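Have a look at my_file_7.cif; it's mmCIF, C-alpha atoms:
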```cif
data_data
loop_
_atom_site.group_PDB
_atom_site.id
_atom_site.type_symbol
_atom_site.label_atom_id
_atom_site.label_comp_id
_atom_site.auth_asym_id
_atom_site.auth_seq_id
_atom_site.Cartn_x
_atom_site.Cartn_y
_atom_site.Cartn_z
ATOM 1 C CA MET A 1197 62.305 -57.540 -174.448
ATOM 2 C CA PHE A 1198 61.639 -59.797 -171.482
ATOM 3 C CA GLU A 1199 61.111 -62.989 -173.464
ATOM 4 C CA GLY A 1200 59.481 -65.597 -171.222
ATOM 5 C CA PHE A 1201 58.323 -63.012 -168.662
ATOM 6 C CA VAL A 1202 54.702 -62.670 -167.582
ATOM 7 C CA SER A 1203 53.360 -59.105 -167.830
ATOM 8 C CA GLU A 1204 50.293 -58.149 -165.805
ATOM 9 C CA ASN A 1205 48.653 -55.466 -163.707
ATOM 10 C CA ILE A 1206 48.285 -56.206 -159.992
ATOM 11 C CA ASP A 1207 46.046 -54.252 -157.607
ATOM 12 C CA VAL A 1208 47.938 -53.417 -154.406
ATOM 13 C CA GLY A 1209 45.328 -51.226 -152.720
ATOM 14 C CA ASP A 1210 45.335 -47.597 -153.796
ATOM 15 C CA ALA A 1211 47.660 -48.361 -156.718
ATOM 16 C CA SER A 1212 47.636 -50.724 -159.684
ATOM 17 C CA LEU A 1213 51.132 -51.835 -160.651
ATOM 18 C CA TYR A 1214 52.266 -52.990 -164.067
ATOM 19 C CA VAL A 1215 54.789 -55.762 -163.455
ATOM 20 C CA ARG A 1216 56.943 -58.198 -165.384
ATOM 21 C CA HIS A 1217 58.129 -61.383 -163.669
ATOM 22 C CA SER A 1218 59.791 -64.671 -164.509
ATOM 23 C CA GLY A 1219 62.050 -67.378 -163.183
ATOM 24 C CA GLU A 1220 62.290 -69.754 -160.263
ATOM 25 C CA GLY A 1221 64.376 -69.607 -157.160
ATOM 26 C CA PHE A 1222 65.363 -66.828 -154.809
ATOM 27 C CA PRO A 1223 63.083 -63.803 -155.497
ATOM 28 C CA VAL A 1224 64.646 -60.500 -156.522
ATOM 29 C CA LEU A 1225 62.735 -57.223 -156.865
ATOM 30 C CA LEU A 1226 64.232 -54.631 -159.263
ATOM 31 C CA LEU A 1227 63.131 -50.990 -158.891
ATOM 32 C CA HIS A 1228 63.812 -48.463 -161.659
ATOM 33 C CA GLY A 1229 64.595 -44.758 -161.361
ATOM 34 C CA HIS A 1230 63.458 -41.511 -162.980
ATOM 35 C CA PRO A 1231 62.291 -41.121 -165.692
ATOM 36 C CA ARG A 1232 62.553 -44.780 -166.637
ATOM 37 C CA THR A 1233 60.131 -47.695 -166.431
ATOM 38 C CA SER A 1234 60.694 -51.326 -165.543
ATOM 39 C CA ALA A 1235 61.926 -51.783 -169.126
ATOM 40 C CA THR A 1236 65.271 -50.291 -168.053
ATOM 41 C CA TRP A 1237 66.078 -53.770 -166.633
ATOM 42 C CA HIS A 1238 65.565 -55.527 -169.989
ATOM 43 C CA GLU A 1239 69.219 -56.598 -170.219
ATOM 44 C CA VAL A 1240 69.709 -57.315 -166.487
ATOM 45 C CA ALA A 1241 66.530 -59.209 -165.579
ATOM 46 C CA PRO A 1242 66.948 -62.085 -168.090
ATOM 47 C CA ARG A 1243 70.549 -62.537 -166.958
ATOM 48 C CA LEU A 1244 69.378 -62.942 -163.361
ATOM 49 C CA VAL A 1245 66.702 -65.410 -164.432
ATOM 50 C CA ARG A 1246 69.391 -67.463 -166.156
ATOM 51 C CA GLN A 1247 71.357 -67.359 -162.888
ATOM 52 C CA GLY A 1248 68.450 -69.118 -161.163
ATOM 53 C CA PHE A 1249 66.511 -66.214 -159.629
ATOM 54 C CA THR A 1250 62.858 -65.277 -159.733
ATOM 55 C CA VAL A 1251 62.880 -61.677 -160.983
ATOM 56 C CA VAL A 1252 60.114 -59.112 -160.480
ATOM 57 C CA CYS A 1253 60.249 -55.756 -162.325
ATOM 58 C CA PRO A 1254 57.382 -53.332 -161.570
ATOM 59 C CA ASP A 1255 56.733 -49.797 -162.695
ATOM 60 C CA LEU A 1256 56.647 -47.602 -159.576
ATOM 61 C CA ARG A 1257 53.266 -46.067 -158.782
ATOM 62 C CA GLY A 1258 52.488 -43.363 -161.314
ATOM 63 C CA TYR A 1259 55.445 -44.251 -163.545
ATOM 64 C CA GLY A 1260 55.133 -46.081 -166.858
ATOM 65 C CA ARG A 1261 51.943 -48.132 -166.922
ATOM 66 C CA SER A 1262 51.357 -48.207 -163.151
ATOM 67 C CA ARG A 1263 48.670 -46.012 -161.657
ATOM 68 C CA GLY A 1264 48.401 -44.553 -158.187
ATOM 69 C CA PRO A 1265 46.126 -42.193 -156.305
ATOM 70 C CA ALA A 1266 45.732 -38.508 -157.020
ATOM 71 C CA PRO A 1267 48.463 -36.302 -155.553
ATOM 72 C CA SER A 1268 47.908 -35.242 -151.948
ATOM 73 C CA PRO A 1269 48.656 -31.759 -150.575
ATOM 74 C CA ASP A 1270 51.435 -33.113 -148.344
ATOM 75 C CA HIS A 1271 52.792 -35.338 -151.194
ATOM 76 C CA SER A 1272 52.463 -38.462 -149.020
ATOM 77 C CA ALA A 1273 50.507 -40.248 -151.777
ATOM 78 C CA HIS A 1274 53.809 -40.450 -153.685
ATOM 79 C CA SER A 1275 56.113 -40.908 -150.725
ATOM 80 C CA LYS A 1276 58.708 -43.647 -150.591
ATOM 81 C CA ARG A 1277 56.789 -45.131 -147.652
ATOM 82 C CA ALA A 1278 53.671 -45.450 -149.825
ATOM 83 C CA MET A 1279 55.709 -46.939 -152.685
ATOM 84 C CA ALA A 1280 57.450 -49.373 -150.335
ATOM 85 C CA GLY A 1281 54.050 -50.536 -149.112
ATOM 86 C CA ASP A 1282 53.078 -51.145 -152.743
ATOM 87 C CA MET A 1283 56.090 -53.396 -153.179
ATOM 88 C CA VAL A 1284 55.444 -55.500 -150.086
ATOM 89 C CA ARG A 1285 51.864 -56.093 -151.217
ATOM 90 C CA LEU A 1286 53.001 -56.817 -154.781
ATOM 91 C CA MET A 1287 55.533 -59.402 -153.692
ATOM 92 C CA ARG A 1288 53.025 -61.062 -151.376
ATOM 93 C CA ALA A 1289 50.520 -61.214 -154.239
ATOM 94 C CA LEU A 1290 53.181 -63.064 -156.247
ATOM 95 C CA GLY A 1291 53.856 -65.448 -153.351
ATOM 96 C CA HIS A 1292 57.036 -63.895 -151.926
ATOM 97 C CA ASP A 1293 57.110 -62.922 -148.257
ATOM 98 C CA ARG A 1294 60.906 -62.533 -148.145
ATOM 99 C CA PHE A 1295 63.037 -61.316 -151.023
ATOM 100 C CA ALA A 1296 66.067 -59.341 -152.161
ATOM 101 C CA VAL A 1297 65.674 -55.887 -153.641
ATOM 102 C CA ALA A 1298 67.795 -53.668 -155.862
ATOM 103 C CA GLY A 1299 66.883 -50.055 -156.534
ATOM 104 C CA HIS A 1300 68.411 -47.480 -158.837
ATOM 105 C CA ASP A 1301 68.072 -43.688 -158.642
ATOM 106 C CA ARG A 1302 64.545 -42.894 -157.294
ATOM 107 C CA GLY A 1303 63.909 -46.614 -156.974
ATOM 108 C CA SER A 1304 66.824 -46.828 -154.562
ATOM 109 C CA TYR A 1305 64.967 -44.569 -152.112
ATOM 110 C CA VAL A 1306 61.967 -46.900 -152.307
ATOM 111 C CA ALA A 1307 64.297 -49.847 -151.709
ATOM 112 C CA LEU A 1308 65.844 -48.121 -148.682
ATOM 113 C CA ARG A 1309 62.397 -47.408 -147.230
ATOM 114 C CA LEU A 1310 61.450 -51.056 -147.819
ATOM 115 C CA ALA A 1311 64.425 -52.246 -145.784
ATOM 116 C CA LEU A 1312 63.790 -49.757 -142.965
ATOM 117 C CA ASP A 1313 60.020 -50.237 -142.720
ATOM 118 C CA HIS A 1314 59.833 -53.959 -143.527
ATOM 119 C CA PRO A 1315 63.059 -55.550 -142.270
ATOM 120 C CA ALA A 1316 61.495 -59.000 -142.032
ATOM 121 C CA ALA A 1317 60.715 -58.947 -145.762
ATOM 122 C CA VAL A 1318 64.023 -57.682 -147.195
ATOM 123 C CA VAL A 1319 66.863 -60.181 -146.774
ATOM 124 C CA ARG A 1320 69.411 -58.447 -149.038
ATOM 125 C CA LEU A 1321 69.499 -54.881 -150.311
ATOM 126 C CA ALA A 1322 71.387 -53.357 -153.260
ATOM 127 C CA LEU A 1323 71.350 -49.566 -153.702
ATOM 128 C CA LEU A 1324 72.629 -48.162 -156.994
ATOM 129 C CA ASP A 1325 73.744 -44.541 -157.436
ATOM 130 C CA CYS A 1326 72.312 -43.674 -154.059
ATOM 131 C CA ILE A 1327 72.867 -42.028 -150.725
ATOM 132 C CA PRO A 1328 69.866 -41.089 -148.556
ATOM 133 C CA ILE A 1329 67.907 -38.004 -149.608
ATOM 134 C CA SER A 1330 68.562 -36.381 -146.248
ATOM 135 C CA GLU A 1331 72.312 -36.916 -146.663
ATOM 136 C CA HIS A 1332 72.246 -35.188 -150.048
ATOM 137 C CA LEU A 1333 70.418 -32.239 -148.527
ATOM 138 C CA ARG A 1334 72.642 -32.071 -145.468
ATOM 139 C CA ARG A 1335 75.689 -31.825 -147.748
ATOM 140 C CA ALA A 1336 74.101 -29.535 -150.343
ATOM 141 C CA ASN A 1337 76.372 -26.739 -151.554
ATOM 142 C CA ALA A 1338 76.645 -24.610 -154.694
ATOM 143 C CA LYS A 1339 78.169 -27.494 -156.678
ATOM 144 C CA PHE A 1340 75.342 -29.842 -155.703
ATOM 145 C CA ALA A 1341 72.694 -27.212 -156.477
ATOM 146 C CA ALA A 1342 74.214 -26.543 -159.910
ATOM 147 C CA GLY A 1343 74.437 -30.243 -160.793
ATOM 148 C CA TRP A 1344 71.197 -31.444 -159.214
ATOM 149 C CA TRP A 1345 69.082 -28.333 -159.771
ATOM 150 C CA HIS A 1346 66.246 -30.475 -161.114
ATOM 151 C CA TRP A 1347 65.456 -31.641 -157.555
ATOM 152 C CA PHE A 1348 64.495 -28.116 -156.621
ATOM 153 C CA PHE A 1349 62.825 -27.245 -159.923
ATOM 154 C CA PHE A 1350 60.661 -30.374 -159.817
ATOM 155 C CA ALA A 1351 59.563 -29.472 -156.281
ATOM 156 C CA GLN A 1352 57.937 -26.218 -157.414
ATOM 157 C CA PRO A 1353 54.125 -26.261 -157.682
ATOM 158 C CA GLU A 1354 52.620 -26.461 -161.189
ATOM 159 C CA ILE A 1355 55.462 -24.790 -163.094
ATOM 160 C CA PRO A 1356 57.393 -27.984 -163.989
ATOM 161 C CA GLU A 1357 54.252 -29.624 -165.380
ATOM 162 C CA ARG A 1358 53.690 -26.693 -167.744
ATOM 163 C CA VAL A 1359 57.307 -26.631 -168.890
ATOM 164 C CA ILE A 1360 57.745 -30.387 -169.398
ATOM 165 C CA ASN A 1361 54.353 -31.155 -170.938
ATOM 166 C CA ALA A 1362 54.806 -28.353 -173.469
ATOM 167 C CA ASP A 1363 57.598 -30.395 -175.097
ATOM 168 C CA PRO A 1364 58.265 -33.728 -173.357
ATOM 169 C CA ASP A 1365 60.442 -35.010 -176.212
ATOM 170 C CA GLY A 1366 62.625 -31.924 -175.886
ATOM 171 C CA TRP A 1367 62.822 -32.197 -172.112
ATOM 172 C CA TYR A 1368 63.581 -35.924 -171.770
ATOM 173 C CA HIS A 1369 66.555 -37.064 -173.801
ATOM 174 C CA GLY A 1370 67.293 -40.687 -174.656
ATOM 175 C CA ASP A 1371 69.270 -42.658 -177.201
ATOM 176 C CA PRO A 1372 67.480 -45.712 -178.662
ATOM 177 C CA ALA A 1373 70.820 -47.197 -179.714
ATOM 178 C CA ARG A 1374 72.028 -47.130 -176.102
ATOM 179 C CA MET A 1375 68.708 -47.857 -174.402
ATOM 180 C CA GLY A 1376 67.454 -50.483 -176.859
ATOM 181 C CA GLN A 1377 64.619 -49.573 -179.212
ATOM 182 C CA GLU A 1378 61.781 -51.250 -177.297
ATOM 183 C CA ASN A 1379 62.935 -49.806 -173.976
ATOM 184 C CA TYR A 1380 63.213 -46.384 -175.616
ATOM 185 C CA ASP A 1381 59.751 -46.614 -177.163
ATOM 186 C CA GLU A 1382 58.147 -47.601 -173.855
ATOM 187 C CA TRP A 1383 59.953 -44.820 -171.997
ATOM 188 C CA ARG A 1384 59.060 -42.243 -174.639
ATOM 189 C CA ALA A 1385 55.385 -43.202 -174.557
ATOM 190 C CA ALA A 1386 55.346 -42.819 -170.769
ATOM 191 C CA THR A 1387 57.005 -39.397 -170.746
ATOM 192 C CA ARG A 1388 54.421 -38.091 -173.218
ATOM 193 C CA ARG A 1389 51.576 -38.726 -170.737
ATOM 194 C CA PRO A 1390 50.842 -35.709 -168.496
ATOM 195 C CA GLU A 1391 49.589 -37.923 -165.667
ATOM 196 C CA VAL A 1392 52.920 -39.781 -165.626
ATOM 197 C CA VAL A 1393 54.873 -36.527 -165.604
ATOM 198 C CA ARG A 1394 52.757 -35.308 -162.665
ATOM 199 C CA ALA A 1395 53.385 -38.495 -160.695
ATOM 200 C CA MET A 1396 57.128 -38.339 -161.339
ATOM 201 C CA LEU A 1397 57.207 -34.743 -160.121
ATOM 202 C CA GLU A 1398 55.229 -35.709 -157.012
ATOM 203 C CA ASP A 1399 57.945 -38.301 -156.321
ATOM 204 C CA TYR A 1400 60.468 -35.443 -156.135
ATOM 205 C CA ARG A 1401 58.156 -33.203 -154.116
ATOM 206 C CA ALA A 1402 57.745 -35.992 -151.596
ATOM 207 C CA GLY A 1403 61.522 -36.394 -151.530
ATOM 208 C CA LEU A 1404 62.146 -32.871 -150.253
ATOM 209 C CA THR A 1405 59.312 -33.004 -147.713
ATOM 210 C CA VAL A 1406 57.794 -36.164 -146.253
ATOM 211 C CA ASP A 1407 60.634 -38.495 -147.345
ATOM 212 C CA ARG A 1408 63.297 -36.246 -145.841
ATOM 213 C CA ARG A 1409 61.352 -36.083 -142.580
ATOM 214 C CA ASP A 1410 60.943 -39.859 -142.516
ATOM 215 C CA GLU A 1411 64.698 -40.357 -142.945
ATOM 216 C CA GLU A 1412 65.499 -37.823 -140.243
ATOM 217 C CA ALA A 1413 63.082 -39.622 -137.901
ATOM 218 C CA ASP A 1414 64.884 -42.904 -138.642
ATOM 219 C CA ARG A 1415 68.229 -41.384 -137.705
ATOM 220 C CA ALA A 1416 66.850 -39.794 -134.546
ATOM 221 C CA ALA A 1417 65.398 -43.158 -133.489
ATOM 222 C CA GLY A 1418 68.606 -45.044 -134.313
ATOM 223 C CA ARG A 1419 67.004 -47.219 -137.001
ATOM 224 C CA ARG A 1420 69.464 -48.848 -139.389
ATOM 225 C CA VAL A 1421 69.430 -51.271 -142.302
ATOM 226 C CA THR A 1422 70.174 -54.630 -140.699
ATOM 227 C CA CYS A 1423 70.308 -56.907 -143.760
ATOM 228 C CA PRO A 1424 73.465 -57.119 -145.917
ATOM 229 C CA LEU A 1425 73.787 -54.010 -148.092
ATOM 230 C CA LEU A 1426 75.540 -53.700 -151.451
ATOM 231 C CA VAL A 1427 76.254 -50.148 -152.615
ATOM 232 C CA SER A 1428 77.288 -49.579 -156.239
ATOM 233 C CA TRP A 1429 77.719 -46.314 -158.077
ATOM 234 C CA SER A 1430 78.444 -45.212 -161.645
ATOM 235 C CA LEU A 1431 82.082 -44.212 -162.033
ATOM 236 C CA ARG A 1432 81.193 -41.875 -164.910
ATOM 237 C CA ASP A 1433 78.500 -40.063 -162.918
ATOM 238 C CA ASP A 1434 79.060 -37.499 -160.161
ATOM 239 C CA LEU A 1435 77.960 -39.162 -156.885
ATOM 240 C CA GLU A 1436 81.493 -39.887 -155.645
ATOM 241 C CA GLU A 1437 82.762 -36.537 -156.929
ATOM 242 C CA LEU A 1438 80.108 -34.688 -154.937
ATOM 243 C CA HIS A 1439 80.167 -36.621 -151.677
ATOM 244 C CA GLY A 1440 83.280 -38.780 -151.556
ATOM 245 C CA ASP A 1441 83.220 -42.526 -150.901
ATOM 246 C CA PRO A 1442 79.532 -43.551 -150.663
ATOM 247 C CA LEU A 1443 80.453 -46.483 -148.410
ATOM 248 C CA VAL A 1444 81.575 -44.086 -145.692
ATOM 249 C CA ILE A 1445 78.127 -42.490 -145.684
ATOM 250 C CA TRP A 1446 76.287 -45.790 -145.744
ATOM 251 C CA ARG A 1447 78.153 -47.181 -142.744
ATOM 252 C CA GLU A 1448 76.196 -44.659 -140.681
ATOM 253 C CA TRP A 1449 72.945 -46.175 -141.967
ATOM 254 C CA ALA A 1450 73.600 -49.908 -142.128
ATOM 255 C CA THR A 1451 75.340 -52.595 -140.097
ATOM 256 C CA ASP A 1452 76.764 -54.687 -142.974
ATOM 257 C CA VAL A 1453 78.011 -52.636 -145.942
ATOM 258 C CA ARG A 1454 80.088 -53.544 -148.961
ATOM 259 C CA GLY A 1455 80.305 -52.218 -152.491
ATOM 260 C CA HIS A 1456 82.214 -50.774 -155.421
ATOM 261 C CA GLY A 1457 81.886 -48.514 -158.436
ATOM 262 C CA ILE A 1458 80.798 -49.741 -161.866
ATOM 263 C CA ASP A 1459 82.328 -48.386 -165.074
ATOM 264 C CA SER A 1460 79.207 -46.776 -166.462
ATOM 265 C CA GLY A 1461 77.234 -43.605 -166.844
ATOM 266 C CA HIS A 1462 74.191 -43.047 -164.658
ATOM 267 C CA HIS A 1463 71.837 -45.578 -166.282
ATOM 268 C CA MET A 1464 73.984 -48.578 -165.433
ATOM 269 C CA ALA A 1465 71.308 -51.201 -166.170
ATOM 270 C CA GLU A 1466 71.372 -50.060 -169.792
ATOM 271 C CA GLU A 1467 75.043 -49.084 -170.130
ATOM 272 C CA ALA A 1468 76.744 -51.880 -168.149
ATOM 273 C CA PRO A 1469 74.145 -54.655 -167.828
ATOM 274 C CA GLU A 1470 76.613 -57.541 -167.711
ATOM 275 C CA ALA A 1471 78.724 -56.009 -164.949
ATOM 276 C CA LEU A 1472 75.651 -55.032 -162.953
ATOM 277 C CA ALA A 1473 73.935 -58.401 -163.342
ATOM 278 C CA THR A 1474 77.129 -60.179 -162.263
ATOM 279 C CA ALA A 1475 77.457 -57.985 -159.179
ATOM 280 C CA LEU A 1476 73.823 -58.508 -158.209
ATOM 281 C CA ALA A 1477 73.871 -62.261 -158.834
ATOM 282 C CA ASP A 1478 76.996 -62.685 -156.728
ATOM 283 C CA PHE A 1479 75.537 -60.640 -153.886
ATOM 284 C CA PHE A 1480 72.041 -62.121 -153.957
ATOM 285 C CA SER A 1481 73.023 -65.795 -154.264
ATOM 286 C CA PRO A 1482 72.290 -67.366 -150.853
ATOM 287 C CA GLU A 1483 74.610 -70.265 -151.663
ATOM 288 C CA LYS A 1484 77.641 -68.041 -152.151
ATOM 289 C CA PRO A 1485 79.723 -66.617 -149.309
ATOM 290 C CA ARG A 1486 78.929 -62.978 -148.697
ATOM 291 C CA ARG A 1487 82.196 -61.086 -149.199
ATOM 292 C CA ARG A 1488 82.940 -58.046 -147.100
ATOM 293 C CA ASP A 1489 85.200 -56.561 -149.757
ATOM 294 C CA ALA A 1490 84.754 -53.022 -148.503
ATOM 295 C CA ALA A 1491 83.857 -53.447 -144.852
#
```
Represent the structure contained in this file as structure tokens.
Amino acid sequence: MFEGFVSENIDVGDASLYVRHSGEGFPVLLLHGHPRTSATWHEVAPRLVRQGFTVVCPDLRGYGRSRGPAPSPDHSAHSKRAMAGDMVRLMRALGHDRFAVAGHDRGSYVALRLALDHPAAVVRLALLDCIPISEHLRRANAKFAAGWWHWFFFAQPEIPERVINADPDGWYHGDPARMGQENYDEWRAATRRPEVVRAMLEDYRAGLTVDRRDEEADRAAGRRVTCPLLVSWSLRDDLEELHGDPLVIWREWATDVRGHGIDSGHHMAEEAPEALATALADFFSPEKPRRRDAA
């Protein structure tokens, strides 16, 4: 995986981030979701490098081989605001003050917070399988609770750690043939570490508390994403089934929205890497006209 990429650990303050990076040209930051690591981008990142981008793939704080602070009682140590701050400092350490960012799943909430808190740094934003946490909760019904029950289970104190760490291989399911063997091995090693499981659960606990409050404060203050926003979702997952057209929701949060579905299950970077890399390269290329195909 990641042939030609540099792999290193970078201190960003109260976290140390494991990061892979390569390429020259317009910088692109790729943020993974739960329970993956940066290895989930192993088919997408090299394609973007070949398209002329500099590509940066970190493990989020506490995930994979990154390390963050101990959990805090209010969960702010694993908030999206804290993670977004990590990413700004990481990109500056690599020499990038302004960059594009794509986030998937939990990484998409970090990417959204980046764009809202650091608008001068984020010049293009791609959110994959995502609507804001607060929008999910505002629309929550029995169907959402049945399908996304893990949000509420993970938010419980202590119990999820005991359940998951008793049999992490039984809890987290993955297919090495679909994921790629090296990606699978890295992911499996991470999910077997209790400290990683705790950090991933704190991510969800922050989501239902401090992250939700931060989003609601943004809406109350009228803050919006002002850079161009690409929204893509997996056609074989349930986001559109639960909430309808994601673009309709995002137009309340951003001034310049376009997007489309991708024929994939949830882990689109692994299941549809060519389609995803093409969509991202087209959107991120500063030389190309920015289509408003779904404005």
Would you translate the PyMOL selection byres ((chain A and resi 1298) around 10) into the concrete set of residues it matches in this file, as a PyMOL selection string? chain A and resi 1224-1228+1296-1297+1299-1300+1303-1304+1306-1308+1320-1324+1425-1427+1476+1480
Any chance you could work out the residue set of the PyMOL selection byres ((chain A and resi 1329) around 10) here, as a PyMOL selection string? chain A and resi 1302+1305+1326-1328+1330-1334+1403-1404+1407-1409+1411-1412
Nearest-residue call for A:Pro1372, choices A:Glu1398, A:Glu1437, A:Glu1357, A:Glu1467, using all atoms listed in the file: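 When distances to A:Pro1372 are compared using all atoms listed in the file, the smallest one comes from A:Glu1467.
Between atom CA of A:Ala1351 and atom CA of A:His1271 the separation is 10.3 Å.
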Can you pull out the residues contacting stretch 1345-1348 of chain A? Cut-off 9 Å, using all atoms listed in the file, and skip same-chain residues under 4 positions away; I want them as a CSV table (one decimal) with C-alpha atoms, in the frame of the given file.
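Wrote selection.csv, looks like this:
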```csv
chain,number,residue,atom,x,y,z
A,1340,PHE,CA,75.3,-29.8,-155.7
A,1341,ALA,CA,72.7,-27.2,-156.5
A,1352,GLN,CA,57.9,-26.2,-157.4
A,1400,TYR,CA,60.5,-35.4,-156.1
A,1401,ARG,CA,58.2,-33.2,-154.1
A,1403,GLY,CA,61.5,-36.4,-151.5
A,1404,LEU,CA,62.1,-32.9,-150.3
```
Any chance you could work out the residue set of the PyMOL selection byres ((chain A and resi 1241-1243) around 12) here, as a short mmCIF file (atom, residue, chain, number, x, y, z; two decimals) with C-alpha atoms, in the coordinates of the input?
```cif
data_model
loop_
_atom_site.label_atom_id
_atom_site.label_comp_id
_atom_site.auth_asym_id
_atom_site.auth_seq_id
_atom_site.Cartn_x
_atom_site.Cartn_y
_atom_site.Cartn_z
CA MET A 1197 62.30 -57.54 -174.45
CA PHE A 1198 61.64 -59.80 -171.48
CA GLU A 1199 61.11 -62.99 -173.46
CA GLY A 1200 59.48 -65.60 -171.22
CA PHE A 1201 58.32 -63.01 -168.66
CA ARG A 1216 56.94 -58.20 -165.38
CA HIS A 1217 58.13 -61.38 -163.67
CA SER A 1218 59.79 -64.67 -164.51
CA GLY A 1219 62.05 -67.38 -163.18
CA GLU A 1220 62.29 -69.75 -160.26
CA PRO A 1223 63.08 -63.80 -155.50
CA VAL A 1224 64.65 -60.50 -156.52
CA LEU A 1225 62.74 -57.22 -156.86
CA LEU A 1226 64.23 -54.63 -159.26
CA LEU A 1227 63.13 -50.99 -158.89
CA HIS A 1228 63.81 -48.46 -161.66
CA SER A 1234 60.69 -51.33 -165.54
CA ALA A 1235 61.93 -51.78 -169.13
CA THR A 1236 65.27 -50.29 -168.05
CA TRP A 1237 66.08 -53.77 -166.63
CA HIS A 1238 65.56 -55.53 -169.99
CA GLU A 1239 69.22 -56.60 -170.22
CA VAL A 1240 69.71 -57.32 -166.49
CA LEU A 1244 69.38 -62.94 -163.36
CA VAL A 1245 66.70 -65.41 -164.43
CA ARG A 1246 69.39 -67.46 -166.16
CA GLN A 1247 71.36 -67.36 -162.89
CA GLY A 1248 68.45 -69.12 -161.16
CA PHE A 1249 66.51 -66.21 -159.63
CA THR A 1250 62.86 -65.28 -159.73
CA VAL A 1251 62.88 -61.68 -160.98
CA VAL A 1252 60.11 -59.11 -160.48
CA CYS A 1253 60.25 -55.76 -162.32
CA PRO A 1254 57.38 -53.33 -161.57
CA ALA A 1298 67.80 -53.67 -155.86
CA ALA A 1465 71.31 -51.20 -166.17
CA GLU A 1466 71.37 -50.06 -169.79
CA PRO A 1469 74.14 -54.66 -167.83
CA GLU A 1470 76.61 -57.54 -167.71
CA ALA A 1471 78.72 -56.01 -164.95
CA LEU A 1472 75.65 -55.03 -162.95
CA ALA A 1473 73.94 -58.40 -163.34
CA THR A 1474 77.13 -60.18 -162.26
CA ALA A 1475 77.46 -57.98 -159.18
CA LEU A 1476 73.82 -58.51 -158.21
CA ALA A 1477 73.87 -62.26 -158.83
#
```
Select, counting all atoms listed in the file, all protein, DNA and RNA residues no farther than 10 Å from (58.0, -33.2, -170.6) in file coordinates, and express the selection as a PyMOL selection string. chain A and resi 1356-1369+1384+1386-1390+1392-1394
Output for the residues just chosen: C-alpha atoms as a PDB file, keeping the file's coordinate frame:
```pdb
ATOM      1  CA  PRO A1356      57.393 -27.984-163.989  1.00  0.00           C
ATOM      2  CA  GLU A1357      54.252 -29.624-165.380  1.00  0.00           C
ATOM      3  CA  ARG A1358      53.690 -26.693-167.744  1.00  0.00           C
ATOM      4  CA  VAL A1359      57.307 -26.631-168.890  1.00  0.00           C
ATOM      5  CA  ILE A1360      57.745 -30.387-169.398  1.00  0.00           C
ATOM      6  CA  ASN A1361      54.353 -31.155-170.938  1.00  0.00           C
ATOM      7  CA  ALA A1362      54.806 -28.353-173.469  1.00  0.00           C
ATOM      8  CA  ASP A1363      57.598 -30.395-175.097  1.00  0.00           C
ATOM      9  CA  PRO A1364      58.265 -33.728-173.357  1.00  0.00           C
ATOM     10  CA  ASP A1365      60.442 -35.010-176.212  1.00  0.00           C
ATOM     11  CA  GLY A1366      62.625 -31.924-175.886  1.00  0.00           C
ATOM     12  CA  TRP A1367      62.822 -32.197-172.112  1.00  0.00           C
ATOM     13  CA  TYR A1368      63.581 -35.924-171.770  1.00  0.00           C
ATOM     14  CA  HIS A1369      66.555 -37.064-173.801  1.00  0.00           C
ATOM     15  CA  ARG A1384      59.060 -42.243-174.639  1.00  0.00           C
ATOM     16  CA  ALA A1386      55.346 -42.819-170.769  1.00  0.00           C
ATOM     17  CA  THR A1387      57.005 -39.397-170.746  1.00  0.00           C
ATOM     18  CA  ARG A1388      54.421 -38.091-173.218  1.00  0.00           C
ATOM     19  CA  ARG A1389      51.576 -38.726-170.737  1.00  0.00           C
ATOM     20  CA  PRO A1390      50.842 -35.709-168.496  1.00  0.00           C
ATOM     21  CA  VAL A1392      52.920 -39.781-165.626  1.00  0.00           C
ATOM     22  CA  VAL A1393      54.873 -36.527-165.604  1.00  0.00           C
ATOM     23  CA  ARG A1394      52.757 -35.308-162.665  1.00  0.00           C
TER      24      ARG A1394
END
```
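Pairwise distance (atom CA of A:Ser1203, atom CA of A:Val1215) equals 5.7 Å.
For A:Ser1460, the residues within 8 Å (counting only C-alpha atoms, excluding itself and residues fewer than 5 positions away along the chain) are Ser1430, Leu1431, Arg1432, Asp1433, Glu1467 and Ala1468 of chain A.
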Dump C-alpha atoms for the selected residues as an mmCIF file, keeping the file's coordinate frame?
```cif
data_model
loop_
_atom_site.group_PDB
_atom_site.id
_atom_site.type_symbol
_atom_site.label_atom_id
_atom_site.label_comp_id
_atom_site.auth_asym_id
_atom_site.auth_seq_id
_atom_site.Cartn_x
_atom_site.Cartn_y
_atom_site.Cartn_z
ATOM 1 C CA SER A 1430 78.444 -45.212 -161.645
ATOM 2 C CA LEU A 1431 82.082 -44.212 -162.033
ATOM 3 C CA ARG A 1432 81.193 -41.875 -164.910
ATOM 4 C CA ASP A 1433 78.500 -40.063 -162.918
ATOM 5 C CA GLU A 1467 75.043 -49.084 -170.130
ATOM 6 C CA ALA A 1468 76.744 -51.880 -168.149
#
```
One decimal, in Å: what's the spacing between atom CA of A:Asp1313 and atom CA of A:Arg1257?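 Separation between atom CA of A:Asp1313 and atom CA of A:Arg1257: 17.9 Å.
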I need the residue nearest A:Ser1481 from this list: A:Trp1449, A:Ala1385, A:Phe1222, A:Gln1377. Use only C-alpha atoms for the distance.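 Closest residue, counting only C-alpha atoms: A:Phe1222.
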